[in-house]
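Okay, structure first, notes after.
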Amino acid sequence: MEKLVYLDNAATTYPKPAIVYEKMDYVNRYLCFNVGRGSYKGARESADIVDETRKLLAELVKTEKPQYVVFSPSATIAFNVIVNGLEWDISKNVFVSPFEHNAVLRPLYSIAQKNGARLFELPFNKESFEFDAKAAKLLFEEHKPDYVFITHVSNVTGYILPVKEIAELARKYGAVVILDAAQSLGFVEVDLMELGVDIAVFAGHKNLYGPLGVGGFIINSCSNIDGVLKDAIFGGTGSDSLNLEMPRDLPGKFEAGSPNIVAIAGLNAALKWLKENIEEIRSKKKKLTLELVGELKNLGVKLYIPSDLESHIGIISMNVEGFRPEEVSLVLDRRFNIATRAGYHCAALVHRFLGTVEFGGTLRISLGYFNEKREIEYFIESLKSIVF
Ligand code: PMP
């Protein structure tokens, strides 16, 4: 195929809806003024775009307070702000799922090294991927959980974790629950109240179909975490400038420096597009995923997905006997112009869980709304010609 077949949507969705590029271009040329720092018309209009984007995100996660939506340059920075804002000492116990991304694990590891906090892995069944609530309860009895970090959708296996069940159990022990919604928001329902999480972290450039350069976190309006979470980045906010302390109010408390108005405007357009098309996006991607999984099962390659496909969305990790994932990915790119990803996918724990450390990780195929059935067919034909 002449045209690139892009199967790396878990890294970032591509392309974005046309309206995203158009709005970014417009704002970049005519409305790129610094938000909250001027009272002139252009600055107010840019601020309106930011406020509206907060409202759209709050609506998406069904929280009532748009000011509880905090922007940052990425999900990774958002996790750094949260982790550094939590209270730490030697008594703290932190639980993570084996599916966490390094955006969560590395800040936690770094802070645990400094403060002596202890990191534990939540138990999951290695065959079915099911959460082992019984074993988790025993662990929680022994080591009272202070913070529990759960990814909603694994960026390696596409597994949708039972967040509500885990959060409910963790809250019984008084834990703060932090959700990594980087791979889920925009595709899987994220209702903060219903899931029972204190904070959800998002990435604008994945299933929200916005651009790179904007992510953040959303605090559940029913949680009291904003009183507990300390400010962790410091700088100008455009308000109360004579005061050397950061503002107490949200979102200013966690947002220092000039926001990326162009990226936020792109996200704004993406969120409106998503709202109009969500059902079609979901059904098209689910259909494509089922077709791809079906074809791969027929080929007999090793798939690392949950046994219950209801708990899975369009990210498929696989391996082919006798081939390293990076070899297959390289040939798919060079010979067939198909973009996939091979390796460990920035997820340190999951490869021990899956048993893929010594294979060099997995070959990951991840679908997006703009993929077409003929691209799946082309991928399958190309894969066959490489490995059989
Ligand atoms: N969490 C998950 C589950 C992810 O897949 C990613 C991105 N691969 C991140 C966090 C970090 O997102 P970003 O790189 O945009 O900061």
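Following the order of the structure tokens, first chain is A, next is B, and so on, with residues numbered from 1 inside each chain and ligands from 1 in the order they appear.
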
Closest contacts (chain A/ligand 1, max 8 Å, only C-alpha atoms and all ligand atoms) as JSON lines:
```
{"residue": "A:Ala10", "atom": "CA", "partner": "ligand 1", "partner_atom_place_in_ligand_line": "5 (O)", "distance": 6.4}
{"residue": "A:Ala11", "atom": "CA", "partner": "ligand 1", "partner_atom_place_in_ligand_line": "8 (N)", "distance": 5.2}
{"residue": "A:Thr12", "atom": "CA", "partner": "ligand 1", "partner_atom_place_in_ligand_line": "8 (N)", "distance": 7.6}
{"residue": "A:Pro73", "atom": "CA", "partner": "ligand 1", "partner_atom_place_in_ligand_line": "16 (O)", "distance": 7.8}
{"residue": "A:Ser74", "atom": "CA", "partner": "ligand 1", "partner_atom_place_in_ligand_line": "16 (O)", "distance": 4.3}
{"residue": "A:Ala75", "atom": "CA", "partner": "ligand 1", "partner_atom_place_in_ligand_line": "16 (O)", "distance": 3.8}
{"residue": "A:Thr76", "atom": "CA", "partner": "ligand 1", "partner_atom_place_in_ligand_line": "16 (O)", "distance": 3.7}
{"residue": "A:Ile77", "atom": "CA", "partner": "ligand 1", "partner_atom_place_in_ligand_line": "16 (O)", "distance": 6.5}
{"residue": "A:Ala78", "atom": "CA", "partner": "ligand 1", "partner_atom_place_in_ligand_line": "16 (O)", "distance": 7.8}
{"residue": "A:Glu100", "atom": "CA", "partner": "ligand 1", "partner_atom_place_in_ligand_line": "3 (C)", "distance": 6.5}
{"residue": "A:His101", "atom": "CA", "partner": "ligand 1", "partner_atom_place_in_ligand_line": "1 (N)", "distance": 5.0}
{"residue": "A:Asn102", "atom": "CA", "partner": "ligand 1", "partner_atom_place_in_ligand_line": "10 (C)", "distance": 7.2}
{"residue": "A:Ala103", "atom": "CA", "partner": "ligand 1", "partner_atom_place_in_ligand_line": "10 (C)", "distance": 5.1}
{"residue": "A:Val104", "atom": "CA", "partner": "ligand 1", "partner_atom_place_in_ligand_line": "10 (C)", "distance": 7.0}
{"residue": "A:Thr151", "atom": "CA", "partner": "ligand 1", "partner_atom_place_in_ligand_line": "3 (C)", "distance": 6.0}
{"residue": "A:His152", "atom": "CA", "partner": "ligand 1", "partner_atom_place_in_ligand_line": "3 (C)", "distance": 7.5}
{"residue": "A:Val153", "atom": "CA", "partner": "ligand 1", "partner_atom_place_in_ligand_line": "3 (C)", "distance": 6.4}
{"residue": "A:Ser154", "atom": "CA", "partner": "ligand 1", "partner_atom_place_in_ligand_line": "3 (C)", "distance": 5.7}
{"residue": "A:Asn155", "atom": "CA", "partner": "ligand 1", "partner_atom_place_in_ligand_line": "5 (O)", "distance": 4.5}
{"residue": "A:Val156", "atom": "CA", "partner": "ligand 1", "partner_atom_place_in_ligand_line": "5 (O)", "distance": 8.0}
{"residue": "A:Asp180", "atom": "CA", "partner": "ligand 1", "partner_atom_place_in_ligand_line": "1 (N)", "distance": 5.8}
{"residue": "A:Ala181", "atom": "CA", "partner": "ligand 1", "partner_atom_place_in_ligand_line": "3 (C)", "distance": 6.9}
{"residue": "A:Ala182", "atom": "CA", "partner": "ligand 1", "partner_atom_place_in_ligand_line": "1 (N)", "distance": 4.9}
{"residue": "A:Gln183", "atom": "CA", "partner": "ligand 1", "partner_atom_place_in_ligand_line": "3 (C)", "distance": 5.2}
{"residue": "A:Phe202", "atom": "CA", "partner": "ligand 1", "partner_atom_place_in_ligand_line": "12 (O)", "distance": 7.8}
{"residue": "A:Ala203", "atom": "CA", "partner": "ligand 1", "partner_atom_place_in_ligand_line": "15 (O)", "distance": 5.1}
{"residue": "A:Gly204", "atom": "CA", "partner": "ligand 1", "partner_atom_place_in_ligand_line": "15 (O)", "distance": 7.4}
{"residue": "A:His205", "atom": "CA", "partner": "ligand 1", "partner_atom_place_in_ligand_line": "15 (O)", "distance": 6.8}
{"residue": "A:Lys206", "atom": "CA", "partner": "ligand 1", "partner_atom_place_in_ligand_line": "15 (O)", "distance": 7.7}
{"residue": "A:Leu212", "atom": "CA", "partner": "ligand 1", "partner_atom_place_in_ligand_line": "15 (O)", "distance": 7.2}
{"residue": "A:Gly213", "atom": "CA", "partner": "ligand 1", "partner_atom_place_in_ligand_line": "15 (O)", "distance": 7.9}
{"residue": "A:Val214", "atom": "CA", "partner": "ligand 1", "partner_atom_place_in_ligand_line": "15 (O)", "distance": 7.9}
{"residue": "A:Gly215", "atom": "CA", "partner": "ligand 1", "partner_atom_place_in_ligand_line": "15 (O)", "distance": 6.8}
{"residue": "A:His345", "atom": "CA", "partner": "ligand 1", "partner_atom_place_in_ligand_line": "8 (N)", "distance": 7.4}
{"residue": "A:Cys346", "atom": "CA", "partner": "ligand 1", "partner_atom_place_in_ligand_line": "8 (N)", "distance": 7.1}
```

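Every protein or nucleic acid residue with an atom no more than 8 Å from segment 106-117 of chain A, counting only C-alpha atoms and leaving out same-chain residues fewer than 5 positions away, appears here: Phe79, Asn80, Val83, Asn84, Trp88, Asp89, Ile90, Ser91, Lys92, Asn93 and Val94 of chain A.
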
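Excluding Lys126 of chain A itself and any same-chain residue fewer than 2 positions from it, the protein and nucleic acid residues within 9 Å of it, counting only C-alpha atoms, are Phe124, Ser128, Phe129, Glu130, Phe353 and Leu354 of chain A.
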
### Task
Using backbone DSSP assignments, extract all alpha helix (DSSP H) residues from segment 22-182 of chain A; output them as a PyMOL selection string.
chain A and resi 22-30+41-60+75-85+102-115+133-142+163-172

Generate the output file for the selected residues, C-alpha atoms, as a compact mmCIF listing (two decimals), in the first residue's frame.
```
# COMPACT_ATOMS: atom_id res chain seq x y z
CA GLU A 22 -8.48 23.39 11.59
CA LYS A 23 -9.17 24.73 15.06
CA MET A 24 -5.53 24.47 16.10
CA ASP A 25 -4.44 26.33 13.00
CA TYR A 26 -7.02 29.06 13.59
CA VAL A 27 -6.16 29.51 17.26
CA ASN A 28 -2.44 29.43 16.53
CA ARG A 29 -2.78 32.24 13.97
CA TYR A 30 -5.48 34.44 15.46
CA LYS A 41 -10.58 40.68 24.10
CA GLY A 42 -8.23 38.09 22.56
CA ALA A 43 -6.99 36.89 25.96
CA ARG A 44 -10.57 36.57 27.15
CA GLU A 45 -11.54 34.57 24.08
CA SER A 46 -8.61 32.19 24.59
CA ALA A 47 -9.62 31.84 28.24
CA ASP A 48 -13.17 30.99 27.12
CA ILE A 49 -11.81 28.12 25.02
CA VAL A 50 -9.92 26.77 28.04
CA ASP A 51 -12.98 27.10 30.30
CA GLU A 52 -15.21 25.41 27.75
CA THR A 53 -12.73 22.54 27.40
CA ARG A 54 -12.78 22.05 31.18
CA LYS A 55 -16.59 21.90 31.01
CA LEU A 56 -16.53 19.34 28.20
CA LEU A 57 -14.12 17.13 30.15
CA ALA A 58 -16.10 17.47 33.38
CA GLU A 59 -19.23 16.46 31.49
CA LEU A 60 -17.45 13.45 30.02
CA ALA A 75 -0.58 12.42 31.45
CA THR A 76 2.99 11.77 32.58
CA ILE A 77 3.39 15.28 33.99
CA ALA A 78 -0.04 14.95 35.62
CA PHE A 79 1.12 11.80 37.41
CA ASN A 80 4.27 13.57 38.56
CA VAL A 81 2.18 16.42 39.97
CA ILE A 82 -0.10 13.98 41.80
CA VAL A 83 2.59 11.67 43.13
CA ASN A 84 4.70 14.58 44.36
CA GLY A 85 1.64 16.22 45.89
CA ASN A 102 5.85 3.77 33.59
CA ALA A 103 4.18 7.20 33.71
CA VAL A 104 2.82 5.90 37.03
CA LEU A 105 5.50 3.44 38.06
CA ARG A 106 8.56 5.63 37.66
CA PRO A 107 7.33 8.60 39.73
CA LEU A 108 6.16 6.12 42.38
CA TYR A 109 9.41 4.20 42.36
CA SER A 110 11.42 7.41 42.64
CA ILE A 111 9.39 8.72 45.58
CA ALA A 112 9.37 5.33 47.32
CA GLN A 113 13.18 5.21 47.03
CA LYS A 114 13.42 8.60 48.73
CA ASN A 115 10.82 8.08 51.45
CA ALA A 133 -10.27 -10.03 45.15
CA LYS A 134 -9.68 -12.70 47.81
CA ALA A 135 -5.91 -12.44 47.58
CA ALA A 136 -6.13 -8.63 47.46
CA LYS A 137 -8.16 -8.60 50.65
CA LEU A 138 -5.54 -10.67 52.42
CA LEU A 139 -2.83 -8.29 51.21
CA PHE A 140 -4.82 -5.24 52.31
CA GLU A 141 -5.38 -6.82 55.75
CA GLU A 142 -1.65 -7.28 56.14
CA VAL A 163 -11.85 -0.50 38.42
CA LYS A 164 -15.10 -0.26 40.34
CA GLU A 165 -14.49 -3.54 42.15
CA ILE A 166 -10.89 -2.69 43.01
CA ALA A 167 -11.75 0.86 44.12
CA GLU A 168 -14.62 -0.35 46.30
CA LEU A 169 -12.37 -2.80 48.10
CA ALA A 170 -9.50 -0.30 48.45
CA ARG A 171 -11.81 2.39 49.85
CA LYS A 172 -12.95 0.00 52.60
```

### Query
Which of these residues is nearest to Leu274 of chain A, using only C-alpha atoms: A:Asp308, A:Leu299, A:Tyr209, A:Ile313?
A:Tyr209

#### Entry: Selection near Val320 of chain A, 10 Å with only C-alpha atoms, sequence-local residues under 2 positions removed, as a PyMOL selection string
chain A and resi 299-303+318+322-325+328+359+362-363+383+387-388

Those residues you just picked out, can you put them in a file as a PDB file, in the first residue's frame with C-alpha atoms?
```
ATOM      1  CA  LEU A 299      -3.426 -17.830  12.304  1.00  0.00           C
ATOM      2  CA  GLY A 300      -2.590 -19.445  15.646  1.00  0.00           C
ATOM      3  CA  VAL A 301      -0.273 -16.689  16.875  1.00  0.00           C
ATOM      4  CA  LYS A 302       0.106 -16.181  20.614  1.00  0.00           C
ATOM      5  CA  LEU A 303      -2.269 -13.439  21.782  1.00  0.00           C
ATOM      6  CA  MET A 318       0.950 -10.836  20.157  1.00  0.00           C
ATOM      7  CA  GLY A 322      10.456 -18.123  16.066  1.00  0.00           C
ATOM      8  CA  PHE A 323      10.353 -14.348  15.566  1.00  0.00           C
ATOM      9  CA  ARG A 324      11.328 -11.452  17.789  1.00  0.00           C
ATOM     10  CA  PRO A 325       8.595  -8.814  17.887  1.00  0.00           C
ATOM     11  CA  VAL A 328       8.221  -8.522  12.557  1.00  0.00           C
ATOM     12  CA  PHE A 359      10.883 -12.582  23.967  1.00  0.00           C
ATOM     13  CA  THR A 362       5.341  -8.138  22.291  1.00  0.00           C
ATOM     14  CA  LEU A 363       4.274  -6.923  18.891  1.00  0.00           C
ATOM     15  CA  LEU A 383       1.898 -10.851   8.491  1.00  0.00           C
ATOM     16  CA  VAL A 387       5.893 -15.545   9.260  1.00  0.00           C
ATOM     17  CA  PHE A 388       4.558 -18.505   7.218  1.00  0.00           C
TER      18      PHE A 388
END
```

### Task
Tell me which protein, DNA and RNA residues are within 9 Å of Ile386 of chain A, counting only C-alpha atoms, leaving out same-chain ones fewer than 4 positions away, and put them as a VMD selection string.
chain A and resid 328 331 to 332 381 to 382

May I have the selected residues written with C-alpha atoms, as a PDB file, in the first residue's frame?
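selection-v9.pdb, written as the output of this step:
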```
ATOM      1  CA  VAL A 328       8.221  -8.522  12.557  1.00  0.00           C
ATOM      2  CA  VAL A 331       9.539  -5.840   8.141  1.00  0.00           C
ATOM      3  CA  LEU A 332       5.926  -4.655   8.426  1.00  0.00           C
ATOM      4  CA  GLU A 381      -1.898 -10.850   4.508  1.00  0.00           C
ATOM      5  CA  SER A 382       1.406  -9.055   5.171  1.00  0.00           C
TER       6      SER A 382
END
```
